[in-house]
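Enquirer: File structure-v5.txt follows (compact mmCIF, C-alpha atoms and all ligand atoms):
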```txt
# COMPACT_ATOMS: atom_id res chain seq x y z
CA MET A 268 -28.77 -5.83 203.36
CA ALA A 269 -26.84 -2.54 203.39
CA VAL A 270 -23.68 -1.00 202.01
CA GLY A 271 -20.57 -2.10 203.90
CA ILE A 272 -17.96 0.50 204.89
CA PHE A 273 -14.59 -0.79 206.06
CA ASP A 274 -11.66 1.01 207.68
CA SER A 275 -8.76 -0.01 209.88
CA GLY A 276 -10.35 2.01 212.67
CA LEU A 277 -11.96 5.39 213.14
CA GLY A 278 -10.90 7.07 209.90
CA GLY A 279 -13.68 5.58 207.81
CA LEU A 280 -16.14 7.43 210.04
CA THR A 281 -15.30 10.58 208.06
CA VAL A 282 -16.55 8.75 204.96
CA LEU A 283 -19.49 7.16 206.79
CA ASP A 284 -20.64 10.57 208.03
CA ALA A 285 -20.55 12.03 204.53
CA VAL A 286 -22.37 9.09 202.91
CA GLU A 287 -25.02 9.00 205.65
CA LYS A 288 -25.73 12.69 205.03
CA ARG A 289 -25.66 12.29 201.24
CA LEU A 290 -27.85 9.14 201.26
CA PRO A 291 -30.18 9.50 204.28
CA GLU A 292 -32.44 6.65 203.10
CA ALA A 293 -29.63 4.10 202.79
CA SER A 294 -28.34 1.94 205.61
CA PHE A 295 -24.76 0.97 206.25
CA VAL A 296 -22.75 -1.64 208.11
CA TYR A 297 -19.54 0.01 209.32
CA LEU A 298 -16.66 -2.22 210.34
CA GLY A 299 -13.58 -0.76 212.00
CA ASP A 300 -10.65 -3.07 212.67
CA ASN A 301 -9.60 -1.01 215.70
CA ALA A 302 -7.89 -4.04 217.25
CA HIS A 303 -5.33 -4.00 214.43
CA ALA A 304 -5.10 -0.26 213.66
CA PRO A 305 -2.97 1.35 212.43
CA TYR A 306 -2.63 -0.54 209.16
CA GLY A 307 -0.21 2.03 207.74
CA VAL A 308 2.82 0.52 209.46
CA ARG A 309 2.00 -3.08 208.48
CA ASP A 310 3.42 -4.92 205.50
CA PRO A 311 1.31 -5.26 202.34
CA GLU A 312 0.68 -9.01 202.77
CA ASN A 313 -0.64 -8.52 206.29
CA ILE A 314 -2.86 -5.58 205.21
CA TYR A 315 -4.19 -7.70 202.35
CA GLU A 316 -5.04 -10.65 204.64
CA LEU A 317 -6.74 -8.43 207.25
CA THR A 318 -8.69 -6.50 204.64
CA ARG A 319 -9.79 -9.58 202.72
CA GLY A 320 -11.07 -11.21 205.93
CA HIS A 321 -13.09 -8.17 206.99
CA VAL A 322 -14.55 -7.60 203.54
CA GLN A 323 -15.65 -11.26 203.60
CA THR A 324 -17.33 -10.63 206.98
CA LEU A 325 -19.28 -7.73 205.47
CA TRP A 326 -20.25 -9.79 202.43
CA ASP A 327 -21.36 -12.61 204.76
CA ARG A 328 -23.54 -10.14 206.68
CA GLY A 329 -25.38 -9.45 203.45
CA CYS A 330 -23.60 -6.36 202.14
CA ASP A 331 -23.34 -6.79 198.37
CA LEU A 332 -21.25 -3.65 198.00
CA VAL A 333 -18.32 -2.92 200.30
CA ILE A 334 -16.42 0.38 200.24
CA LEU A 335 -12.85 0.27 201.48
CA ALA A 336 -12.95 3.64 203.28
CA CYS A 337 -9.25 3.22 203.91
CA ASN A 338 -6.51 4.25 201.51
CA THR A 339 -4.03 1.88 203.08
CA ALA A 340 -6.34 -1.11 202.53
CA SER A 341 -7.21 0.18 199.05
CA ALA A 342 -3.51 0.54 198.20
CA ALA A 343 -2.49 -2.90 199.45
CA ALA A 344 -5.57 -5.03 198.79
CA LEU A 345 -8.12 -3.64 196.36
CA ARG A 346 -6.54 -4.44 193.02
CA ARG A 347 -5.42 -7.86 194.29
CA MET A 348 -8.91 -8.72 195.56
CA GLN A 349 -10.54 -7.60 192.33
CA GLU A 350 -8.02 -9.52 190.23
CA ALA A 351 -8.51 -12.67 192.34
CA GLY A 352 -12.24 -12.39 191.62
CA VAL A 353 -15.07 -11.49 193.99
CA PRO A 354 -18.08 -13.74 194.68
CA GLU A 355 -21.07 -13.58 192.33
CA GLY A 356 -23.14 -10.45 192.96
CA LYS A 357 -20.59 -8.88 195.32
CA ARG A 358 -18.47 -5.79 194.76
CA VAL A 359 -15.62 -4.04 196.55
CA LEU A 360 -14.61 -0.47 195.71
CA GLY A 361 -11.92 1.84 197.05
CA VAL A 362 -11.50 5.53 197.75
CA PHE A 363 -8.63 6.54 195.43
CA VAL A 364 -10.54 6.83 192.19
CA PRO A 365 -13.12 9.50 193.19
CA LEU A 366 -10.26 11.58 194.56
CA ILE A 367 -8.15 11.27 191.43
CA GLU A 368 -11.14 11.99 189.21
CA ALA A 369 -11.70 15.23 191.15
CA LEU A 370 -8.03 16.16 190.99
CA THR A 371 -7.86 15.55 187.26
CA GLU A 372 -11.34 16.95 186.60
CA ARG A 373 -12.46 13.78 184.90
CA GLN A 374 -15.94 12.32 184.83
CA TRP A 375 -16.67 8.81 186.04
CA GLY A 376 -16.01 6.23 183.34
CA ASP A 377 -13.89 8.59 181.20
CA ASN A 378 -11.48 6.02 179.76
CA SER A 379 -9.73 8.34 177.33
CA PRO A 380 -5.90 8.31 177.37
CA PRO A 381 -4.07 10.25 180.09
CA ARG A 382 -3.81 13.96 179.36
CA GLU A 383 -2.30 17.14 180.76
CA VAL A 384 -4.33 18.63 183.58
CA ALA A 385 -4.37 22.05 185.24
CA VAL A 386 -2.68 20.98 188.46
CA LYS A 387 1.07 20.32 188.15
CA HIS A 388 2.46 20.12 191.70
CA VAL A 389 0.61 17.90 194.14
CA ALA A 390 1.45 17.06 197.73
CA LEU A 391 0.22 13.66 198.90
CA PHE A 392 -0.14 13.04 202.63
CA ALA A 393 -0.71 9.39 203.48
CA THR A 394 0.32 6.51 205.71
CA PRO A 395 3.76 4.89 205.27
CA ALA A 396 2.19 1.83 203.58
CA THR A 397 0.15 3.93 201.14
CA VAL A 398 3.18 6.06 200.24
CA SER A 399 5.45 3.07 199.67
CA SER A 400 2.81 1.28 197.55
CA ARG A 401 2.86 4.16 195.00
CA ALA A 402 -0.76 3.18 194.26
CA PHE A 403 -1.82 6.84 194.11
CA GLN A 404 0.80 7.67 191.48
CA ARG A 405 -0.15 4.52 189.52
CA GLU A 406 -3.87 5.39 189.44
CA LEU A 407 -3.04 9.01 188.60
CA ALA A 408 -0.83 7.96 185.67
CA TYR A 409 -3.84 6.23 184.03
CA ARG A 410 -5.56 9.61 183.86
CA ALA A 411 -3.03 12.44 183.81
CA ILE A 412 0.46 13.25 182.56
CA GLY A 413 2.93 15.87 183.72
CA VAL A 414 1.85 15.92 187.37
CA ASP A 415 4.66 16.08 189.89
CA VAL A 416 3.60 14.25 193.09
CA GLU A 417 5.60 14.66 196.30
CA ALA A 418 4.49 12.15 198.89
CA GLN A 419 4.85 12.66 202.63
CA SER A 420 4.51 9.62 204.83
CA CYS A 421 2.74 10.84 207.98
CA GLY A 422 3.99 8.45 210.64
CA GLY A 423 2.22 8.64 213.99
CA VAL A 424 -0.84 10.65 212.99
CA VAL A 425 -3.24 7.69 212.80
CA ASP A 426 -1.99 6.26 216.13
CA ALA A 427 -2.53 9.62 217.83
CA ILE A 428 -6.06 9.94 216.41
CA GLU A 429 -6.96 6.34 217.39
CA GLU A 430 -5.69 7.14 220.93
CA GLY A 431 -7.72 10.35 220.98
CA ASP A 432 -4.55 12.43 221.47
CA MET A 433 -5.48 15.28 219.16
CA ILE A 434 -2.75 17.61 220.47
CA LEU A 435 -0.12 15.12 219.37
CA ALA A 436 -1.95 14.49 216.07
CA GLU A 437 -1.98 18.23 215.32
CA ALA A 438 1.71 18.68 216.19
CA LEU A 439 2.62 15.76 213.94
CA VAL A 440 0.56 17.18 211.07
CA ARG A 441 2.44 20.49 211.31
CA SER A 442 5.80 18.75 211.27
CA HIS A 443 4.80 16.54 208.30
CA VAL A 444 3.64 19.61 206.36
CA ASP A 445 6.97 21.31 207.12
CA ALA A 446 8.82 18.24 205.87
CA LEU A 447 6.76 18.20 202.69
CA LYS A 448 7.40 21.90 202.06
CA ARG A 449 11.13 21.34 202.28
CA LYS A 450 10.77 18.94 199.32
CA MET A 451 8.07 20.88 197.42
CA PRO A 452 7.94 24.51 198.58
CA GLU A 453 4.87 25.49 196.58
CA PRO A 454 2.35 22.71 196.03
CA GLN A 455 -0.78 23.83 194.15
CA ALA A 456 -2.91 21.09 195.63
CA ALA A 457 -2.69 18.71 198.55
CA VAL A 458 -4.35 15.33 198.80
CA LEU A 459 -5.34 13.93 202.18
CA GLY A 460 -4.75 10.31 201.23
CA CYS A 461 -5.86 8.78 204.51
CA THR A 462 -9.43 8.81 205.79
CA HIS A 463 -8.27 9.66 209.32
CA TYR A 464 -6.84 12.99 208.16
CA PRO A 465 -10.14 14.85 207.57
CA LEU A 466 -10.42 14.79 211.38
CA VAL A 467 -7.45 17.22 211.37
CA GLN A 468 -8.18 18.83 208.01
CA ASP A 469 -8.14 22.39 209.39
CA VAL A 470 -4.65 21.86 210.75
CA PHE A 471 -3.42 20.67 207.32
CA GLN A 472 -5.03 23.67 205.64
CA ALA A 473 -3.62 26.15 208.16
CA ALA A 474 -0.11 24.69 207.86
CA LEU A 475 -0.25 24.60 204.05
CA GLY A 476 -1.71 28.09 203.70
CA PRO A 477 -4.90 29.30 202.02
CA ASP A 478 -3.55 29.11 198.45
CA VAL A 479 -3.20 25.32 198.49
CA LYS A 480 -6.36 23.53 197.36
CA LEU A 481 -7.05 20.63 199.68
CA PHE A 482 -8.65 17.45 198.33
CA SER A 483 -10.33 15.41 201.03
CA GLN A 484 -12.18 12.19 200.38
CA PRO A 485 -15.44 12.09 202.37
CA ALA A 486 -17.60 14.35 200.18
CA LEU A 487 -16.02 13.04 196.96
CA VAL A 488 -16.65 9.43 197.95
CA ALA A 489 -20.23 10.25 199.00
CA ASP A 490 -20.99 11.83 195.62
CA SER A 491 -19.38 8.97 193.80
CA LEU A 492 -21.33 6.37 195.83
CA ALA A 493 -24.61 8.23 195.23
CA ASP A 494 -23.87 8.20 191.51
CA TYR A 495 -22.95 4.48 191.59
CA LEU A 496 -26.14 3.52 193.46
CA GLU A 497 -28.26 5.52 191.07
CA ARG A 498 -26.88 3.42 188.23
CA ARG A 499 -27.00 0.15 190.23
CA PRO A 500 -29.85 0.51 192.77
CA ASN A 501 -29.84 -3.23 193.48
CA MET A 502 -26.42 -2.85 195.19
CA GLN A 503 -27.93 -0.73 197.95
CA GLY A 504 -29.54 -3.66 199.78
CA SER A 505 -32.57 -3.47 202.01
CA GLY A 506 -31.27 -2.96 205.54
CA GLU A 507 -33.39 -0.68 207.70
CA GLN A 508 -30.89 0.48 210.25
CA SER A 509 -27.19 1.16 210.17
CA VAL A 510 -24.94 -1.05 212.29
CA TYR A 511 -21.49 -0.17 213.64
CA LEU A 512 -19.06 -2.99 214.31
CA THR A 513 -15.55 -3.08 215.73
CA THR A 514 -12.90 -5.67 216.41
CA GLY A 515 -11.79 -3.47 219.32
CA ASP A 516 -13.41 -2.53 222.61
CA PRO A 517 -16.95 -1.37 221.70
CA GLY A 518 -17.27 1.03 224.67
CA ARG A 519 -14.01 2.78 223.96
CA VAL A 520 -14.61 2.93 220.20
CA SER A 521 -18.16 4.28 220.75
CA ASP A 522 -16.76 7.05 222.96
CA ARG A 523 -14.15 8.11 220.41
CA ALA A 524 -16.60 7.88 217.51
CA THR A 525 -19.15 9.99 219.41
CA GLN A 526 -16.43 12.55 220.11
CA PHE A 527 -15.38 12.72 216.43
CA LEU A 528 -18.83 12.75 214.85
CA ARG A 529 -20.33 14.93 217.59
CA ARG A 530 -23.37 12.66 217.75
CA SER A 531 -24.03 9.50 219.65
CA ILE A 532 -22.93 6.34 217.86
CA THR A 533 -22.85 2.89 219.42
CA PHE A 534 -20.48 0.16 218.29
CA GLU A 535 -20.97 -3.55 218.82
CA ALA A 536 -18.36 -6.30 218.82
CA VAL A 537 -18.12 -7.87 215.38
N1 LIG B 601 -7.64 5.49 207.52
C1 LIG B 601 -6.82 4.61 206.82
C2 LIG B 601 -6.31 5.17 205.53
O1 LIG B 601 -7.04 5.77 204.86
C3 LIG B 601 -5.88 3.77 207.58
C4 LIG B 601 -4.85 4.35 208.43
C5 LIG B 601 -4.08 3.29 209.22
O2 LIG B 601 -4.71 2.40 209.77
O3 LIG B 601 -2.86 3.41 209.26
O4 LIG B 601 -5.22 5.00 205.12
```
Please rewrite the model in this file as structure tokens.
Ligand code: DGL
Expert:
Amino acid sequence: MAVGIFDSGLGGLTVLDAVEKRLPEASFVYLGDNAHAPYGVRDPENIYELTRGHVQTLWDRGCDLVILACNTASAAALRRMQEAGVPEGKRVLGVFVPLIEALTERQWGDNSPPREVAVKHVALFATPATVSSRAFQRELAYRAIGVDVEAQSCGGVVDAIEEGDMILAEALVRSHVDALKRKMPEPQAAVLGCTHYPLVQDVFQAALGPDVKLFSQPALVADSLADYLERRPNMQGSGEQSVYLTTGDPGRVSDRATQFLRRSITFEAV
């Protein structure tokens, strides 16, 4: 029917926006679990159960391919779902791999052994659940050696963004960047490992300084999805119009989404 895009709430809209621009002919079913956001403070079992249920909903609505546009869900659920086996003809993909491929300057499908890469000191900003999963470091270790990763768990940022309190979100970002810099004074690169964070990307960049290269997922995921669909066009489905679903209050979520994307977007109850 269409490609499914799942996030705990509003963060996946940063990915949705990029993929809609990159693939204007494709249609998408976006599902935000705003009723249960933030996921980043939940335990892995709970994140897995929530994610699995919502991915099933998207599969049931005819999406053959579902993108977990949520690092927290990817960290806690993706590998487990893939290992448990997905239904015939269905796929679920996450957002870590395109990011790590960009960071390590690897091409898609490059399965050669891990090697030294240019970047040596990387700051990772992510939710508490993503940081404690160490999924980023695990995926990175398959591809690169000798990279020092300092992770900063950014408590409160997702809640503030979901509440629309951008002043609080920005203040929290500055204090999390300060905390990171106390542990790693001179990161070469910084990874925004949560899809909500591109909504405050400028604040991260300003706090980190202009010499730190920022890796943000939306454009990387959009390029990677375009590449995937070129190789597997049957996974695109045949939907004609994108649909936006939420487990939360559709009016409230539509207002926030319209504010973030700066265009009108209407959510329906799932
Ligand atoms: N935007 C999500 C992520 O990428 C989830 C944040 C949350 O719900 O805590 O991690």
Enquirer: Between A:Asp300, A:Asp327, A:Glu437, A:Glu287, which residue has the minimum interatomic distance to ligand LIG 601 (chain B), considering all atoms listed in the file?
Expert: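 Closest to ligand LIG 601 (chain B) of all the choices is A:Asp300.
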Enquirer: Residues within 7 Å of ligand LIG 601 (chain B) (all atoms listed in the file), as a VMD selection string?
Expert: chain A and resid 274 to 276 278 to 279 304 to 308 336 to 340 393 to 394 397 425 460 to 463
Enquirer: Just the number, please: distance in Å from atom CA of Arg373 of chain A to atom CA of Gly413 of chain A, one decimal.
Expert: 15.6 Å
Enquirer: In terms of the shortest atom-to-atom distance over all atoms listed in the file, which of A:Val389, A:Ala396, A:Val333, A:Val359 is closest to Lys448 of chain A?
Expert: A:Val389
Enquirer: What's around Pro365 of chain A at 10 Å? Count only C-alpha atoms, leave out sequence neighbours fewer than 4 positions away in its own chain, and write the answer as a PyMOL selection string.
Expert: chain A and resi 361+369-371+373-375+484-492
Enquirer: Got a sec: who's within 7 Å of Pro454 of chain A, counting all atoms listed in the file, leaving out chain neighbours fewer than 3 positions off, as JSON, numbers by chain?
Expert: {"A": [388, 389, 390, 451, 457, 479]}
Enquirer: Counting all atoms listed in the file, figure out which residue out of A:Glu497, A:Glu368, A:Glu453, A:Asp310 gets nearest to Phe482 of chain A.
Expert: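 Of A:Glu497, A:Glu368, A:Glu453, A:Asp310, the one nearest Phe482 of chain A, counting all atoms listed in the file, is A:Glu368.
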Enquirer: Rounded to one decimal place, report the atom CA of Gly271 of chain A-atom CA of Glu430 of chain A distance in Å.
Expert: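 Computed distance, atom CA of Gly271 of chain A to atom CA of Glu430 of chain A, equals 24.4 Å.
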Enquirer: One decimal, Å: what's the distance from atom CA of Ser420 of chain A over to atom CA of His443 of chain A, could you say?
Expert: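 Rounded to one decimal, the two atoms are 7.7 Å apart.
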Enquirer: Would you compute the box with edges along x, y and z of the file around segment 495-511 of chain A, including every atom the file lists for it and 3 Å extra on each side, and give its centre and edge lengths in Å to one decimal, as AutoDock Vina command-line options?
Expert:
```
--center_x -27.4 --center_y 0.9 --center_z 200.9 --size_x 17.9 --size_y 15.2 --size_z 31.4
```
